[in-house]
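Q: Following this line is input.pdb, made up of PDB, C-alpha atoms:
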```pdb
ATOM      1  CA  THR P   1      13.925 110.827  38.485
ATOM      2  CA  GLN P   2      13.155 113.463  41.061
ATOM      3  CA  LEU P   3       9.490 114.137  41.565
ATOM      4  CA  LEU P   4       7.933 116.952  43.519
ATOM      5  CA  GLU P   5       4.281 116.406  44.335
ATOM      6  CA  GLN P   6       2.199 119.356  45.407
ATOM      7  CA  SER P   7      -1.100 119.197  47.206
ATOM      8  CA  PRO P   8      -3.745 120.227  46.799
ATOM      9  CA  GLN P   9      -3.819 120.567  43.015
ATOM     10  CA  PHE P  10      -6.613 123.111  43.115
ATOM     11  CA  LEU P  11      -7.906 125.273  45.915
ATOM     12  CA  SER P  12     -10.772 127.736  45.895
ATOM     13  CA  ILE P  13     -11.338 129.673  49.110
ATOM     14  CA  GLN P  14     -13.038 132.783  50.403
ATOM     15  CA  GLU P  15     -11.161 135.971  51.136
ATOM     16  CA  GLY P  16      -9.859 135.980  54.703
ATOM     17  CA  GLU P  17      -9.392 132.223  55.006
ATOM     18  CA  ASN P  18      -6.071 130.542  55.728
ATOM     19  CA  LEU P  19      -4.531 127.822  53.580
ATOM     20  CA  THR P  20      -1.504 125.550  53.365
ATOM     21  CA  VAL P  21       0.106 124.144  50.251
ATOM     22  CA  TYR P  22       2.414 121.140  50.516
ATOM     23  CA  CYS P  23       5.376 120.105  48.416
ATOM     24  CA  ASN P  24       6.650 116.563  48.937
ATOM     25  CA  SER P  25       9.405 114.431  47.505
ATOM     26  CA  SER P  26      11.396 111.303  48.266
ATOM     27  CA  SER P  27      14.564 113.143  47.210
ATOM     28  CA  VAL P  28      16.716 115.408  49.308
ATOM     29  CA  PHE P  29      17.204 118.926  48.021
ATOM     30  CA  SER P  30      19.979 121.343  48.843
ATOM     31  CA  SER P  31      17.725 124.230  47.974
ATOM     32  CA  LEU P  32      13.996 124.666  47.524
ATOM     33  CA  GLN P  33      12.167 127.606  46.063
ATOM     34  CA  TRP P  34       8.558 128.746  45.892
ATOM     35  CA  TYR P  35       7.205 130.683  42.943
ATOM     36  CA  ARG P  36       3.923 132.293  42.003
ATOM     37  CA  GLN P  37       2.905 132.491  38.359
ATOM     38  CA  GLU P  38       0.210 134.546  36.679
ATOM     39  CA  PRO P  39      -1.310 133.396  33.349
ATOM     40  CA  GLY P  40       0.892 134.228  30.373
ATOM     41  CA  GLU P  41       3.854 135.266  32.485
ATOM     42  CA  GLY P  42       7.004 133.708  33.847
ATOM     43  CA  PRO P  43       7.098 132.520  37.469
ATOM     44  CA  VAL P  44       8.113 135.025  40.133
ATOM     45  CA  LEU P  45      10.366 133.874  42.949
ATOM     46  CA  LEU P  46       8.840 134.193  46.430
ATOM     47  CA  VAL P  47      11.469 132.562  48.621
ATOM     48  CA  THR P  48      14.472 130.239  48.718
ATOM     49  CA  VAL P  49      15.086 127.913  51.652
ATOM     50  CA  VAL P  50      18.288 125.962  52.112
ATOM     51  CA  THR P  51      18.456 124.759  55.721
ATOM     52  CA  GLY P  52      16.436 121.833  57.095
ATOM     53  CA  GLY P  53      13.752 123.122  59.452
ATOM     54  CA  GLU P  54      14.106 126.668  58.173
ATOM     55  CA  VAL P  55      11.084 128.951  58.406
ATOM     56  CA  LYS P  56      10.799 132.156  56.413
ATOM     57  CA  LYS P  57       8.045 134.737  56.478
ATOM     58  CA  LEU P  58       7.050 137.119  53.732
ATOM     59  CA  LYS P  59       4.183 139.294  54.973
ATOM     60  CA  ARG P  60       1.205 136.890  55.143
ATOM     61  CA  LEU P  61       3.158 133.988  53.645
ATOM     62  CA  THR P  62       5.086 131.515  55.807
ATOM     63  CA  PHE P  63       7.427 128.991  54.207
ATOM     64  CA  GLN P  64       8.908 125.969  55.928
ATOM     65  CA  PHE P  65      11.573 123.543  54.750
ATOM     66  CA  GLY P  66      11.316 120.058  56.239
ATOM     67  CA  ASP P  67      13.996 118.853  58.633
ATOM     68  CA  ALA P  68      15.121 116.210  56.145
ATOM     69  CA  ARG P  69      15.006 118.711  53.255
ATOM     70  CA  LYS P  70      12.570 116.515  51.324
ATOM     71  CA  ASP P  71       9.427 118.562  51.766
ATOM     72  CA  SER P  72       8.182 122.079  52.210
ATOM     73  CA  SER P  73       5.006 123.965  52.962
ATOM     74  CA  LEU P  74       3.584 127.361  52.155
ATOM     75  CA  HIS P  75       0.999 128.827  54.509
ATOM     76  CA  ILE P  76      -1.019 131.893  53.599
ATOM     77  CA  THR P  77      -2.852 133.773  56.323
ATOM     78  CA  ALA P  78      -5.987 135.789  55.561
ATOM     79  CA  ALA P  79      -5.888 135.135  51.830
ATOM     80  CA  GLN P  80      -6.772 137.953  49.469
ATOM     81  CA  PRO P  81      -7.981 137.905  45.840
ATOM     82  CA  GLY P  82      -4.544 139.188  44.835
ATOM     83  CA  ASP P  83      -3.060 135.897  46.067
ATOM     84  CA  THR P  84      -4.815 134.070  43.216
ATOM     85  CA  GLY P  85      -2.356 132.275  40.964
ATOM     86  CA  LEU P  86      -0.360 129.135  40.318
ATOM     87  CA  TYR P  87       2.025 128.302  43.155
ATOM     88  CA  LEU P  88       5.038 126.208  42.276
ATOM     89  CA  CYS P  89       7.748 124.687  44.397
ATOM     90  CA  ALA P  90      11.085 123.850  42.795
ATOM     91  CA  GLY P  91      13.982 121.864  44.208
ATOM     92  CA  ALA P  92      17.650 121.624  43.313
ATOM     93  CA  SER P  93      20.034 118.859  44.267
ATOM     94  CA  SER P  94      23.406 119.475  45.855
ATOM     95  CA  GLY P  95      26.013 120.870  43.474
ATOM     96  CA  THR P  96      23.591 121.998  40.795
ATOM     97  CA  TYR P  97      21.537 125.051  39.958
ATOM     98  CA  LYS P  98      19.088 122.915  37.993
ATOM     99  CA  TYR P  99      15.646 123.225  39.563
ATOM    100  CA  ILE P 100      12.895 120.677  39.026
ATOM    101  CA  PHE P 101       9.417 122.078  39.443
ATOM    102  CA  GLY P 102       6.567 120.603  41.449
ATOM    103  CA  THR P 103       3.204 119.698  39.987
ATOM    104  CA  GLY P 104       1.703 123.051  40.965
ATOM    105  CA  THR P 105      -1.200 124.294  43.060
ATOM    106  CA  ARG P 106      -3.770 126.539  41.458
ATOM    107  CA  LEU P 107      -5.241 128.896  44.042
ATOM    108  CA  LYS P 108      -8.324 131.027  43.593
ATOM    109  CA  VAL P 109      -9.344 133.451  46.304
ATOM    110  CA  LEU P 110     -12.894 134.706  46.002
ATOM    111  CA  ALA P 111     -13.856 138.181  47.156
TER     112      ALA P 111
ATOM    113  CA  GLY L   1      12.822 145.852  35.811
ATOM    114  CA  ALA L   2      13.148 142.644  33.845
ATOM    115  CA  VAL L   3      16.603 141.116  34.037
ATOM    116  CA  VAL L   4      15.837 138.386  31.509
ATOM    117  CA  SER L   5      14.242 139.241  28.203
ATOM    118  CA  GLN L   6      12.542 136.611  26.084
ATOM    119  CA  HIS L   7      11.548 137.248  22.487
ATOM    120  CA  PRO L   8       9.129 136.899  20.862
ATOM    121  CA  SER L   9       6.390 136.838  23.464
ATOM    122  CA  TRP L  10       3.889 135.306  21.062
ATOM    123  CA  VAL L  11       4.303 133.599  17.717
ATOM    124  CA  ILE L  12       1.797 131.941  15.420
ATOM    125  CA  CYS L  13       3.079 130.024  12.412
ATOM    126  CA  LYS L  14       2.231 127.296   9.981
ATOM    127  CA  SER L  15       3.055 123.645  10.487
ATOM    128  CA  GLY L  16       6.512 122.772   9.167
ATOM    129  CA  THR L  17       8.044 126.139  10.020
ATOM    130  CA  SER L  18      11.082 126.454  12.276
ATOM    131  CA  VAL L  19      10.768 128.983  15.069
ATOM    132  CA  LYS L  20      13.581 130.608  17.021
ATOM    133  CA  ILE L  21      13.094 131.927  20.550
ATOM    134  CA  GLU L  22      15.702 134.178  22.167
ATOM    135  CA  CYS L  23      16.553 134.480  25.834
ATOM    136  CA  ARG L  24      18.794 137.349  26.924
ATOM    137  CA  SER L  25      20.187 138.239  30.310
ATOM    138  CA  LEU L  26      20.158 142.020  30.437
ATOM    139  CA  ASP L  27      22.409 143.004  33.309
ATOM    140  CA  PHE L  28      24.425 139.942  34.213
ATOM    141  CA  GLN L  29      26.409 137.200  32.562
ATOM    142  CA  ALA L  30      24.489 133.949  32.502
ATOM    143  CA  THR L  31      26.812 130.977  32.622
ATOM    144  CA  THR L  32      23.794 128.712  32.575
ATOM    145  CA  MET L  33      20.373 129.077  31.024
ATOM    146  CA  PHE L  34      17.444 126.721  31.322
ATOM    147  CA  TRP L  35      14.595 126.074  28.921
ATOM    148  CA  TYR L  36      11.188 124.966  30.168
ATOM    149  CA  ARG L  37       7.957 123.994  28.518
ATOM    150  CA  GLN L  38       4.572 124.528  30.100
ATOM    151  CA  PHE L  39       1.255 123.117  28.933
ATOM    152  CA  PRO L  40      -1.987 124.889  29.869
ATOM    153  CA  LYS L  41      -2.805 124.637  33.566
ATOM    154  CA  GLN L  42       0.287 122.528  34.220
ATOM    155  CA  SER L  43       3.662 123.042  35.833
ATOM    156  CA  LEU L  44       6.980 123.817  34.164
ATOM    157  CA  MET L  45       8.832 120.914  32.626
ATOM    158  CA  LEU L  46      12.596 121.315  32.280
ATOM    159  CA  MET L  47      13.660 120.620  28.702
ATOM    160  CA  ALA L  48      17.369 121.337  28.746
ATOM    161  CA  THR L  49      20.250 123.040  30.476
ATOM    162  CA  SER L  50      22.335 125.337  28.326
ATOM    163  CA  ASN L  51      25.909 126.227  29.249
ATOM    164  CA  GLU L  52      27.780 128.943  27.408
ATOM    165  CA  GLY L  53      30.189 127.538  24.847
ATOM    166  CA  SER L  54      29.198 123.916  25.228
ATOM    167  CA  LYS L  55      26.466 121.566  24.110
ATOM    168  CA  ALA L  56      23.164 121.677  25.904
ATOM    169  CA  THR L  57      22.160 118.880  28.252
ATOM    170  CA  TYR L  58      18.696 117.597  27.431
ATOM    171  CA  GLU L  59      16.276 116.004  29.866
ATOM    172  CA  GLN L  60      15.040 112.501  29.220
ATOM    173  CA  GLY L  61      12.379 112.374  26.527
ATOM    174  CA  VAL L  62      13.265 115.707  24.926
ATOM    175  CA  GLU L  63      14.318 115.397  21.292
ATOM    176  CA  LYS L  64      17.576 117.295  20.802
ATOM    177  CA  ASP L  65      17.141 117.384  17.023
ATOM    178  CA  LYS L  66      13.692 118.867  17.444
ATOM    179  CA  PHE L  67      14.631 121.489  19.988
ATOM    180  CA  LEU L  68      17.975 123.007  19.029
ATOM    181  CA  ILE L  69      19.649 125.068  21.721
ATOM    182  CA  ASN L  70      22.528 127.444  21.170
ATOM    183  CA  HIS L  71      24.269 129.388  23.942
ATOM    184  CA  ALA L  72      26.873 131.296  21.979
ATOM    185  CA  SER L  73      27.462 134.110  24.451
ATOM    186  CA  LEU L  74      27.119 134.767  28.161
ATOM    187  CA  THR L  75      24.007 136.840  27.580
ATOM    188  CA  LEU L  76      22.122 134.947  24.877
ATOM    189  CA  SER L  77      20.653 131.509  24.457
ATOM    190  CA  THR L  78      18.319 130.493  21.659
ATOM    191  CA  LEU L  79      15.834 127.666  21.331
ATOM    192  CA  THR L  80      14.833 126.670  17.814
ATOM    193  CA  VAL L  81      11.800 124.460  17.380
ATOM    194  CA  THR L  82      12.502 122.770  14.071
ATOM    195  CA  SER L  83       9.747 121.759  11.650
ATOM    196  CA  ALA L  84       7.128 122.669  14.234
ATOM    197  CA  HIS L  85       3.826 120.811  14.351
ATOM    198  CA  PRO L  86       0.607 121.549  16.272
ATOM    199  CA  GLU L  87       1.695 119.279  19.140
ATOM    200  CA  ASP L  88       4.666 121.610  19.698
ATOM    201  CA  SER L  89       2.273 124.412  20.594
ATOM    202  CA  SER L  90       3.041 125.402  24.152
ATOM    203  CA  PHE L  91       4.358 128.103  26.467
ATOM    204  CA  TYR L  92       8.159 128.099  26.448
ATOM    205  CA  ILE L  93      10.022 129.809  29.292
ATOM    206  CA  CYS L  94      13.718 130.406  29.775
ATOM    207  CA  SER L  95      15.625 131.239  32.913
ATOM    208  CA  ALA L  96      19.158 132.480  33.367
ATOM    209  CA  SER L  97      21.531 131.937  36.236
ATOM    210  CA  PRO L  98      24.642 134.014  37.011
ATOM    211  CA  GLY L  99      26.090 130.964  38.727
ATOM    212  CA  ILE L 100      25.656 132.262  42.236
ATOM    213  CA  GLY L 101      22.234 133.472  43.310
ATOM    214  CA  PRO L 102      18.738 132.721  42.084
ATOM    215  CA  GLN L 103      17.770 132.103  38.510
ATOM    216  CA  HIS L 104      15.761 134.782  36.755
ATOM    217  CA  PHE L 105      12.883 133.894  34.476
ATOM    218  CA  GLY L 106      11.816 135.427  31.214
ATOM    219  CA  ASP L 107       8.171 136.202  30.593
ATOM    220  CA  GLY L 108       7.745 133.252  28.249
ATOM    221  CA  THR L 109       6.891 132.708  24.603
ATOM    222  CA  ARG L 110       3.507 131.430  23.579
ATOM    223  CA  LEU L 111       3.944 129.297  20.467
ATOM    224  CA  SER L 112       0.910 128.358  18.397
ATOM    225  CA  ILE L 113       1.363 126.093  15.387
ATOM    226  CA  LEU L 114      -1.509 125.995  12.939
TER     227      LEU L 114
END
```
Once more with this new file: its structure as structure tokens, please.
A:
Amino acid sequence: TQLLEQSPQFLSIQEGENLTVYCNSSSVFSSLQWYRQEPGEGPVLLVTVVTGGEVKKLKRLTFQFGDARKDSSLHITAAQPGDTGLYLCAGASSGTYKYIFGTGTRLKVLA
Amino acid sequence: GAVVSQHPSWVICKSGTSVKIECRSLDFQATTMFWYRQFPKQSLMLMATSNEGSKATYEQGVEKDKFLINHASLTLSTLTVTSAHPEDSSFYICSASPGIGPQHFGDGTRLSIL
């Protein structure tokens, strides 16, 4: 069974601080996605990475896919209260569009 | 705008009732739809993969007779929670995939069984 462990589970920081969320697995993924979810809503896709070592930037968010395609990280620079939410990574194996979600990281950014 | 519509968004019903949740892709044909369950403050757990015109594939530990999935057309999949009990209360989310490209999520259905 594929398992995606995220760390930390919870994170509470002050506005303006930087943070990194990790997503680790022993399985290799052909594709890995990061989502952000607000309470009572479906998750919203932030990025998809498919190449080992790939780095993608989305404004203050930087995503990296590990060289072996088993892990990923999300780095947020100068966090803002609007970044508060549940961050989820999700990985899919080769030949499938079935994504398994990570354990989640709940981020709270205090003003 | 939303490309996947999930209905209803919230349902409260008595124990023993069967509840049907609909997931519609609005502007594309979804060859595959996925159903997830999410408990409070937890991540999404994949329940089943639904392919149009064929039987759904359930994840280990998910009761197929409890959670009936029908994917009768390329734009509609339904999840029926049969004889629901309080432990079935949860947030159910569907996603739809056109086959190529990312999956699109619905806004979820909050199910409360009294």
Q: Per residue of chain L within 8 Å of chain P, which atom pair is closest and at what distance in Å (one decimal), using all atoms listed in the file, listed by chain and increasing number, as CSV?
A:
```
residue,atom,partner,partner_atom,distance
L:Phe34,CA,P:Lys98,CA,7.9
L:Gln42,CA,P:Gly104,CA,6.9
L:Ser43,CA,P:Thr103,CA,5.4
L:Leu44,CA,P:Phe101,CA,6.1
L:Met45,CA,P:Phe101,CA,6.9
L:Leu46,CA,P:Ile100,CA,6.8
L:Thr49,CA,P:Lys98,CA,7.6
L:Ile93,CA,P:Gly42,CA,6.7
L:Ser97,CA,P:Tyr97,CA,7.8
L:Gly99,CA,P:Tyr97,CA,7.6
L:Phe105,CA,P:Gly42,CA,5.9
L:Gly106,CA,P:Gly42,CA,5.7
L:Asp107,CA,P:Gly42,CA,4.3
L:Gly108,CA,P:Gly42,CA,5.7
L:Arg110,CA,P:Gly40,CA,7.8
```
Q: Just the selected residues (C-alpha atoms), exported as a PDB file, in the coordinates of the input, please.
A:
```
ATOM      1  CA  PHE L  34      17.444 126.721  31.322  1.00  0.00           C
ATOM      2  CA  GLN L  42       0.287 122.528  34.220  1.00  0.00           C
ATOM      3  CA  SER L  43       3.662 123.042  35.833  1.00  0.00           C
ATOM      4  CA  LEU L  44       6.980 123.817  34.164  1.00  0.00           C
ATOM      5  CA  MET L  45       8.832 120.914  32.626  1.00  0.00           C
ATOM      6  CA  LEU L  46      12.596 121.315  32.280  1.00  0.00           C
ATOM      7  CA  THR L  49      20.250 123.040  30.476  1.00  0.00           C
ATOM      8  CA  ILE L  93      10.022 129.809  29.292  1.00  0.00           C
ATOM      9  CA  SER L  97      21.531 131.937  36.236  1.00  0.00           C
ATOM     10  CA  GLY L  99      26.090 130.964  38.727  1.00  0.00           C
ATOM     11  CA  PHE L 105      12.883 133.894  34.476  1.00  0.00           C
ATOM     12  CA  GLY L 106      11.816 135.427  31.214  1.00  0.00           C
ATOM     13  CA  ASP L 107       8.171 136.202  30.593  1.00  0.00           C
ATOM     14  CA  GLY L 108       7.745 133.252  28.249  1.00  0.00           C
ATOM     15  CA  ARG L 110       3.507 131.430  23.579  1.00  0.00           C
TER      16      ARG L 110
END
```
Q: Here is a test: counting only C-alpha atoms, which residue of P:Thr51, P:Thr84, P:Thr62, P:Thr20 is nearest to Leu32 (chain P)?
A: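 Distance minimum relative to Leu32 (chain P) lands on P:Thr51.
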Q: Report the residues retrieved by the PyMOL selection byres ((chain P and resi 52) around 6) from the displayed file, expressed as a PyMOL selection string.
A: chain P and resi 51+53-54+65-69
Q: I need the residue nearest Ser89 (chain L) from this list: L:Gln103, L:Thr109, L:Thr31, L:Thr57. Use all atoms listed in the file for the distance.
A: L:Thr109
Q: Using all atoms listed in the file, determine which residues lie at most 10 Å from Phe67 (chain L), disregarding the query and same-chain residues fewer than 3 positions distant; provide the list as a count of residues only.
A: 18
Q: Let me make sure I understand: among P:Leu74, P:Val55, P:Leu46, P:Leu107, which one has the smallest atom-to-atom distance to His104 (chain L) if we use all atoms listed in the file?
A: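 Ranking P:Leu74, P:Val55, P:Leu46, P:Leu107 by distance to His104 (chain L), first place goes to P:Leu46.
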Q: In Å to one decimal, how far is CA of Cys94 (chain L) from CA of Thr17 (chain L)?
A: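 A separation of 21.0 Å between them.
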